[in-house]
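Visitor: Got a structure for you, questions after.
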Amino acid sequence: VSLTRDYDLPVRRLRDGRYKIPSGETVYTCFSSDFLLSDADPWRAECWRMMRERGDCRFIFFTKRIDRLAGCLPDDWGDGYENVTVGCTVENSDMAAQRLPIFTALPLRHRIIVAEPLLGPLELMEYLGGVEEVIVGGESGDGARVCDYVWVLELRRQCAEHGVAFTYHQTGARLRKDGRLYSIPRALQLSQAKRAGIDHDGQMKEYGEKQ
């Protein structure tokens with residue numbers, strides 16, 4: 001594991017003193033890896049410092065190592081930084097049962113559940129309190145496992161019933177729908193998910209209007 005050359009981009013400045021990343025932007029942190037990797041321990045404190053300095057930007061990171069977060073938080077974390085959102089990834093019911101009780105007990109201002117890749121049905125109702133969004137997607141790449149559209153719709157139902165935003169991010173490479181298995185090229189996986197038109201803004205009134 002090594003730092004990229006844009007590691008400190010959030011605090012870099014232009015010649016006139018302005019930050020290169022404008023106020024109000026969202027910074028997707030460590031999306032090609034995992035922010036809580038033990039290999040990242042030596043420089044994570046500097047990342048927290050940048051997040052504090054750039055309180056005018058939103059930082060988001062996803063992790064499957066949620067059990068490490070409590071031991072990695074900065075001393076001034078308190079109930080969480082207002083500008084930091086943490087996403088816990090769960091791909092099946094076993095991982096949900098293992099990770100989500102830890103996730104929901106942590107001091108976080110903003111939390112989302114990332115069911116991607118979704119590899120089986122999930123029951124999330126008991127974990128949705130305090131969750132702002134659930135993001136769902138299938139698996140991509142060679143050897144991708146099947147994602148069943150029934151699982152996707154069931155998660156949407158749970159979110160709508162609980163007043164939690166739902167985003168169908170991408171279909172994955174192999175999608176089962178209405179008993180038929182579809183192979184979907186990577187270039188179309190995001191657009192096909194959007195064409196489904198099932199994203200939900202978290203307003204509970206929608207549940208009675210559109211299921």
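Identifiers in this document derive from the order of the structure tokens: chains are assigned A, B, ..., residues are numbered from 1 separately in each chain, and ligands are numbered from 1 in order of occurrence.
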Could you pull out the strand (DSSP E or B) residues of stretch 6-114 of chain A from DSSP and send them as a list in words?

Guide: Arg13, Tyr19, Thr26, Val27, Tyr28, Arg58, Phe59, Ile60, Phe61, Phe62, Thr63, Val84, Thr85, Val86, Gly87, Cys88, Thr89, His110, Arg111, Ile112, Ile113 and Val114 of chain A

Visitor: Give me, as a list in words, all polymer residues having an atom no more than 9 Å from stretch 69-72 of chain A, counting only C-alpha atoms and skipping those fewer than 3 positions away in the same chain.

Guide: Leu36, Asp41, Arg44, Ala45, Arg65, Ile66, Phe103, Leu106 and Pro107 of chain A

Visitor: Go ahead and write the selection's residues with N, CA, C and O atoms as a PDB file, in the first residue's frame.

Guide:
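Generated output (result-v2.pdb):
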ATOM      1  N   LEU A  36      -9.536   1.817   6.089  1.00  0.00           N
ATOM      2  CA  LEU A  36      -9.177   1.230   7.381  1.00  0.00           C
ATOM      3  C   LEU A  36      -8.184   0.072   7.277  1.00  0.00           C
ATOM      4  O   LEU A  36      -7.980  -0.655   8.249  1.00  0.00           O
ATOM      5  N   ASP A  41      -2.406   2.747   8.543  1.00  0.00           N
ATOM      6  CA  ASP A  41      -2.347   3.320   9.894  1.00  0.00           C
ATOM      7  C   ASP A  41      -1.336   4.461  10.027  1.00  0.00           C
ATOM      8  O   ASP A  41      -1.630   5.461  10.696  1.00  0.00           O
ATOM      9  N   ARG A  44      -3.020   7.733   8.444  1.00  0.00           N
ATOM     10  CA  ARG A  44      -4.443   8.048   8.601  1.00  0.00           C
ATOM     11  C   ARG A  44      -4.661   9.310   9.419  1.00  0.00           C
ATOM     12  O   ARG A  44      -5.605  10.085   9.174  1.00  0.00           O
ATOM     13  N   ALA A  45      -3.824   9.545  10.401  1.00  0.00           N
ATOM     14  CA  ALA A  45      -3.964  10.757  11.225  1.00  0.00           C
ATOM     15  C   ALA A  45      -3.897  12.010  10.362  1.00  0.00           C
ATOM     16  O   ALA A  45      -4.607  12.995  10.615  1.00  0.00           O
ATOM     17  N   ARG A  65     -14.009  -3.153   6.817  1.00  0.00           N
ATOM     18  CA  ARG A  65     -13.263  -3.374   8.058  1.00  0.00           C
ATOM     19  C   ARG A  65     -13.824  -2.484   9.174  1.00  0.00           C
ATOM     20  O   ARG A  65     -13.078  -1.860   9.911  1.00  0.00           O
ATOM     21  N   ILE A  66     -15.126  -2.436   9.284  1.00  0.00           N
ATOM     22  CA  ILE A  66     -15.761  -1.539  10.238  1.00  0.00           C
ATOM     23  C   ILE A  66     -15.356  -1.853  11.670  1.00  0.00           C
ATOM     24  O   ILE A  66     -15.385  -0.968  12.547  1.00  0.00           O
ATOM     25  N   PHE A 103     -21.375  -1.374  13.297  1.00  0.00           N
ATOM     26  CA  PHE A 103     -21.552  -0.112  12.572  1.00  0.00           C
ATOM     27  C   PHE A 103     -22.581   0.787  13.247  1.00  0.00           C
ATOM     28  O   PHE A 103     -22.356   1.987  13.440  1.00  0.00           O
ATOM     29  N   LEU A 106     -21.440   2.669  16.479  1.00  0.00           N
ATOM     30  CA  LEU A 106     -20.344   3.636  16.427  1.00  0.00           C
ATOM     31  C   LEU A 106     -20.851   5.080  16.453  1.00  0.00           C
ATOM     32  O   LEU A 106     -21.951   5.363  15.974  1.00  0.00           O
ATOM     33  N   PRO A 107     -20.041   6.009  16.978  1.00  0.00           N
ATOM     34  CA  PRO A 107     -20.428   7.425  16.975  1.00  0.00           C
ATOM     35  C   PRO A 107     -20.173   8.059  15.612  1.00  0.00           C
ATOM     36  O   PRO A 107     -19.049   8.430  15.275  1.00  0.00           O
TER      37      PRO A 107
END

Visitor: Which residue is closest to A:Cys47? Choose from A:Asp8, A:Thr63, A:Ser183, A:Asp142 and count only C-alpha atoms.

Guide: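 Closest candidate: A:Asp8.
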
Visitor: Excluding A:Val152 and residues on its chain fewer than 6 positions from it, collect all residues at most 9 Å away from it, counting only C-alpha atoms, and give them as a PyMOL selection string.

Guide: chain A and resi 118+121+136-137+168

Visitor: Taking N, CA and C atoms for each residue, export the selection above as a PDB file, in the first residue's frame.

Guide:
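Ended up saving to part17.pdb:
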ATOM      1  N   LEU A 118     -24.023  -7.182  -4.138  1.00  0.00           N
ATOM      2  CA  LEU A 118     -25.107  -7.880  -3.456  1.00  0.00           C
ATOM      3  C   LEU A 118     -25.129  -9.329  -3.935  1.00  0.00           C
ATOM      4  N   PRO A 121     -30.039 -12.325  -0.538  1.00  0.00           N
ATOM      5  CA  PRO A 121     -31.067 -11.487   0.075  1.00  0.00           C
ATOM      6  C   PRO A 121     -30.583 -10.932   1.406  1.00  0.00           C
ATOM      7  N   VAL A 136     -27.005  -0.076  -3.519  1.00  0.00           N
ATOM      8  CA  VAL A 136     -27.056  -1.484  -3.918  1.00  0.00           C
ATOM      9  C   VAL A 136     -26.485  -1.651  -5.324  1.00  0.00           C
ATOM     10  N   GLY A 137     -25.762  -2.738  -5.540  1.00  0.00           N
ATOM     11  CA  GLY A 137     -25.239  -3.032  -6.864  1.00  0.00           C
ATOM     12  C   GLY A 137     -24.798  -4.474  -6.965  1.00  0.00           C
ATOM     13  N   TYR A 168     -29.928   2.448  -6.531  1.00  0.00           N
ATOM     14  CA  TYR A 168     -29.520   1.271  -7.303  1.00  0.00           C
ATOM     15  C   TYR A 168     -28.355   1.720  -8.160  1.00  0.00           C
TER      16      TYR A 168
END

Visitor: So that I can check the surroundings of stretch 184-193 of chain A, please list as a list in words every protein, DNA and RNA residue that reaches within 7 Å of it, counting only C-alpha atoms and ignoring chain neighbours fewer than 2 positions away.

Guide: Ser140, Tyr168, His169, Gln170, Thr171, Gly172, Ala173, Arg174, Tyr182, Arg195 and Ala196 of chain A

Visitor: Tell me, as a list in words, which residues lie within 9 Å of stretch 28-31 of chain A, counting only C-alpha atoms; anything in the same chain fewer than 5 positions away does not count.

Guide: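 Once the adjacent positions are removed, what remains is Arg58, Phe59, Ile60, Phe61 and Phe62 of chain A.
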
Visitor: For a quick check of understanding, using only C-alpha atoms, which of A:Ile113, A:Leu181, A:Val11, A:Ala105 has the smallest distance to A:Gly87?

Guide: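 Ranking A:Ile113, A:Leu181, A:Val11, A:Ala105 by distance to A:Gly87, first place goes to A:Ile113.
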
Visitor: Out of A:Leu122, A:Leu108, A:Leu14, A:Leu3, which residue has the shortest atom-to-atom distance to A:Glu91 when counting only C-alpha atoms?

Guide: A:Leu122

Visitor: Could you pull the residues within 6 Å of A:Cys147, counting only C-alpha atoms, minus those fewer than 3 positions along the same chain, as a list of chain:residue names?

Guide: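 In the requested form, the answer reads A:Leu119, A:Gly138, A:Leu175.
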
Visitor: Could you list, with a cut-off of 12 Å and counting only C-alpha atoms, the residues of stretch 174-202 of chain A near stretch 128-133 of chain A, each shown with its nearest atom pair and the distance in Å rounded to one decimal, rows sorted by chain and ascending number, as a tab-separated table?

Guide:
residue	atom	partner	partner_atom	distance
A:Asp199	CA	A:Glu133	CA	10.5
A:His200	CA	A:Glu133	CA	9.3
A:Asp201	CA	A:Glu133	CA	8.7
A:Gly202	CA	A:Glu133	CA	7.8

Visitor: Just give me the gap between atom CA of A:Ile112 and atom CA of A:Cys88 in Å, one decimal is fine.

Guide: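 Result for atom CA of A:Ile112 versus atom CA of A:Cys88: 6.6 Å, one decimal.
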
Visitor: According to DSSP computed on the backbone, where in stretch 7-207 of chain A is there helix (DSSP H, G or I)? Give the residues as a ChimeraX atom specification.

Guide: /A:9-11,38-53,66-72,93-105,125-127,149-162,186-195,205-207

Visitor: Using the selection just defined, write its residues with C-alpha atoms as a PDB file, in the first residue's frame.

Guide:
ATOM      1  CA  LEU A   9      -5.167  17.285  -2.856  1.00  0.00           C
ATOM      2  CA  PRO A  10      -7.922  18.455  -0.458  1.00  0.00           C
ATOM      3  CA  VAL A  11      -5.513  20.914   1.184  1.00  0.00           C
ATOM      4  CA  SER A  38      -3.839  -1.626   8.693  1.00  0.00           C
ATOM      5  CA  ASP A  39      -1.207  -0.641   6.118  1.00  0.00           C
ATOM      6  CA  ALA A  40      -2.735   2.849   6.137  1.00  0.00           C
ATOM      7  CA  ASP A  41      -2.347   3.320   9.894  1.00  0.00           C
ATOM      8  CA  PRO A  42       0.853   5.434   9.617  1.00  0.00           C
ATOM      9  CA  TRP A  43      -0.775   8.210   7.585  1.00  0.00           C
ATOM     10  CA  ARG A  44      -4.443   8.048   8.601  1.00  0.00           C
ATOM     11  CA  ALA A  45      -3.964  10.757  11.225  1.00  0.00           C
ATOM     12  CA  GLU A  46      -2.953  13.133   8.437  1.00  0.00           C
ATOM     13  CA  CYS A  47      -6.160  12.241   6.571  1.00  0.00           C
ATOM     14  CA  TRP A  48      -8.249  13.107   9.633  1.00  0.00           C
ATOM     15  CA  ARG A  49      -6.365  16.397   9.871  1.00  0.00           C
ATOM     16  CA  MET A  50      -7.223  17.243   6.265  1.00  0.00           C
ATOM     17  CA  MET A  51     -10.874  16.396   6.897  1.00  0.00           C
ATOM     18  CA  ARG A  52     -10.896  18.763   9.877  1.00  0.00           C
ATOM     19  CA  GLU A  53      -9.217  21.515   7.894  1.00  0.00           C
ATOM     20  CA  ILE A  66     -15.761  -1.539  10.238  1.00  0.00           C
ATOM     21  CA  ASP A  67     -14.498  -3.461  13.275  1.00  0.00           C
ATOM     22  CA  ARG A  68     -11.280  -1.395  13.059  1.00  0.00           C
ATOM     23  CA  LEU A  69     -12.909   2.036  13.024  1.00  0.00           C
ATOM     24  CA  ALA A  70     -13.276   2.570  16.777  1.00  0.00           C
ATOM     25  CA  GLY A  71      -9.533   2.059  17.222  1.00  0.00           C
ATOM     26  CA  CYS A  72      -8.679   4.374  14.327  1.00  0.00           C
ATOM     27  CA  SER A  93     -26.598 -11.940   5.356  1.00  0.00           C
ATOM     28  CA  ASP A  94     -23.560 -13.341   7.175  1.00  0.00           C
ATOM     29  CA  MET A  95     -21.577 -10.154   6.660  1.00  0.00           C
ATOM     30  CA  ALA A  96     -24.569  -8.029   7.612  1.00  0.00           C
ATOM     31  CA  ALA A  97     -24.934  -9.910  10.899  1.00  0.00           C
ATOM     32  CA  GLN A  98     -21.213  -9.548  11.564  1.00  0.00           C
ATOM     33  CA  ARG A  99     -20.626  -5.918  10.603  1.00  0.00           C
ATOM     34  CA  LEU A 100     -23.844  -3.959  11.045  1.00  0.00           C
ATOM     35  CA  PRO A 101     -24.241  -4.314  14.843  1.00  0.00           C
ATOM     36  CA  ILE A 102     -20.753  -2.786  15.136  1.00  0.00           C
ATOM     37  CA  PHE A 103     -21.552  -0.112  12.572  1.00  0.00           C
ATOM     38  CA  THR A 104     -24.796   1.037  14.181  1.00  0.00           C
ATOM     39  CA  ALA A 105     -23.132   1.329  17.609  1.00  0.00           C
ATOM     40  CA  MET A 125     -34.767  -3.319   8.855  1.00  0.00           C
ATOM     41  CA  GLU A 126     -33.258  -3.612  12.340  1.00  0.00           C
ATOM     42  CA  TYR A 127     -30.148  -1.704  11.224  1.00  0.00           C
ATOM     43  CA  TYR A 149     -33.346  -8.283  -9.022  1.00  0.00           C
ATOM     44  CA  VAL A 150     -35.767  -9.624  -6.399  1.00  0.00           C
ATOM     45  CA  TRP A 151     -33.107  -8.955  -3.749  1.00  0.00           C
ATOM     46  CA  VAL A 152     -32.691  -5.411  -5.044  1.00  0.00           C
ATOM     47  CA  LEU A 153     -36.415  -4.663  -4.940  1.00  0.00           C
ATOM     48  CA  GLU A 154     -36.736  -6.117  -1.452  1.00  0.00           C
ATOM     49  CA  LEU A 155     -34.036  -3.774  -0.161  1.00  0.00           C
ATOM     50  CA  ARG A 156     -35.805  -0.878  -1.819  1.00  0.00           C
ATOM     51  CA  ARG A 157     -39.017  -1.872  -0.057  1.00  0.00           C
ATOM     52  CA  GLN A 158     -37.277  -1.950   3.308  1.00  0.00           C
ATOM     53  CA  CYS A 159     -35.753   1.474   2.715  1.00  0.00           C
ATOM     54  CA  ALA A 160     -39.027   3.013   1.532  1.00  0.00           C
ATOM     55  CA  GLU A 161     -40.872   1.617   4.529  1.00  0.00           C
ATOM     56  CA  HIS A 162     -38.242   2.983   6.891  1.00  0.00           C
ATOM     57  CA  ARG A 186     -19.525  -3.080 -17.743  1.00  0.00           C
ATOM     58  CA  ALA A 187     -20.138   0.043 -19.829  1.00  0.00           C
ATOM     59  CA  LEU A 188     -23.902  -0.381 -19.419  1.00  0.00           C
ATOM     60  CA  GLN A 189     -24.160  -1.486 -15.803  1.00  0.00           C
ATOM     61  CA  LEU A 190     -24.645   1.988 -14.319  1.00  0.00           C
ATOM     62  CA  SER A 191     -27.004   3.253 -17.013  1.00  0.00           C
ATOM     63  CA  GLN A 192     -29.147   0.105 -16.915  1.00  0.00           C
ATOM     64  CA  ALA A 193     -29.551   0.490 -13.164  1.00  0.00           C
ATOM     65  CA  LYS A 194     -30.697   4.090 -13.618  1.00  0.00           C
ATOM     66  CA  ARG A 195     -33.135   3.044 -16.347  1.00  0.00           C
ATOM     67  CA  LYS A 205     -44.844   8.931   1.568  1.00  0.00           C
ATOM     68  CA  GLU A 206     -43.421   7.339  -1.582  1.00  0.00           C
ATOM     69  CA  TYR A 207     -43.899   3.862  -0.206  1.00  0.00           C
TER      70      TYR A 207
END

Visitor: Find the distance between atom CA of A:Arg18 and atom CA of A:Asp56 and write it in Å to one decimal.

Guide: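 Atom CA of A:Asp56 lies 12.7 Å from atom CA of A:Arg18.
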
Visitor: Mind giving me the straight-line distance from atom CA of A:Gly141 to atom CA of A:Val86 in Å, one decimal?

Guide: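 Straight-line distance from atom CA of A:Gly141 to atom CA of A:Val86 works out to 25.2 Å.
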
Visitor: When distances are computed from only C-alpha atoms, which of A:Ala115, A:Ile21, A:His110, A:Gly80 shows the smallest separation from A:Lys64?

Guide: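 Looking at the shortest contact to A:Lys64, the residue is A:Ala115.
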
Visitor: Closest to A:Arg180 among A:Thr89, A:Tyr7, A:Asp148, A:Val84, using only C-alpha atoms?

Guide: A:Asp148
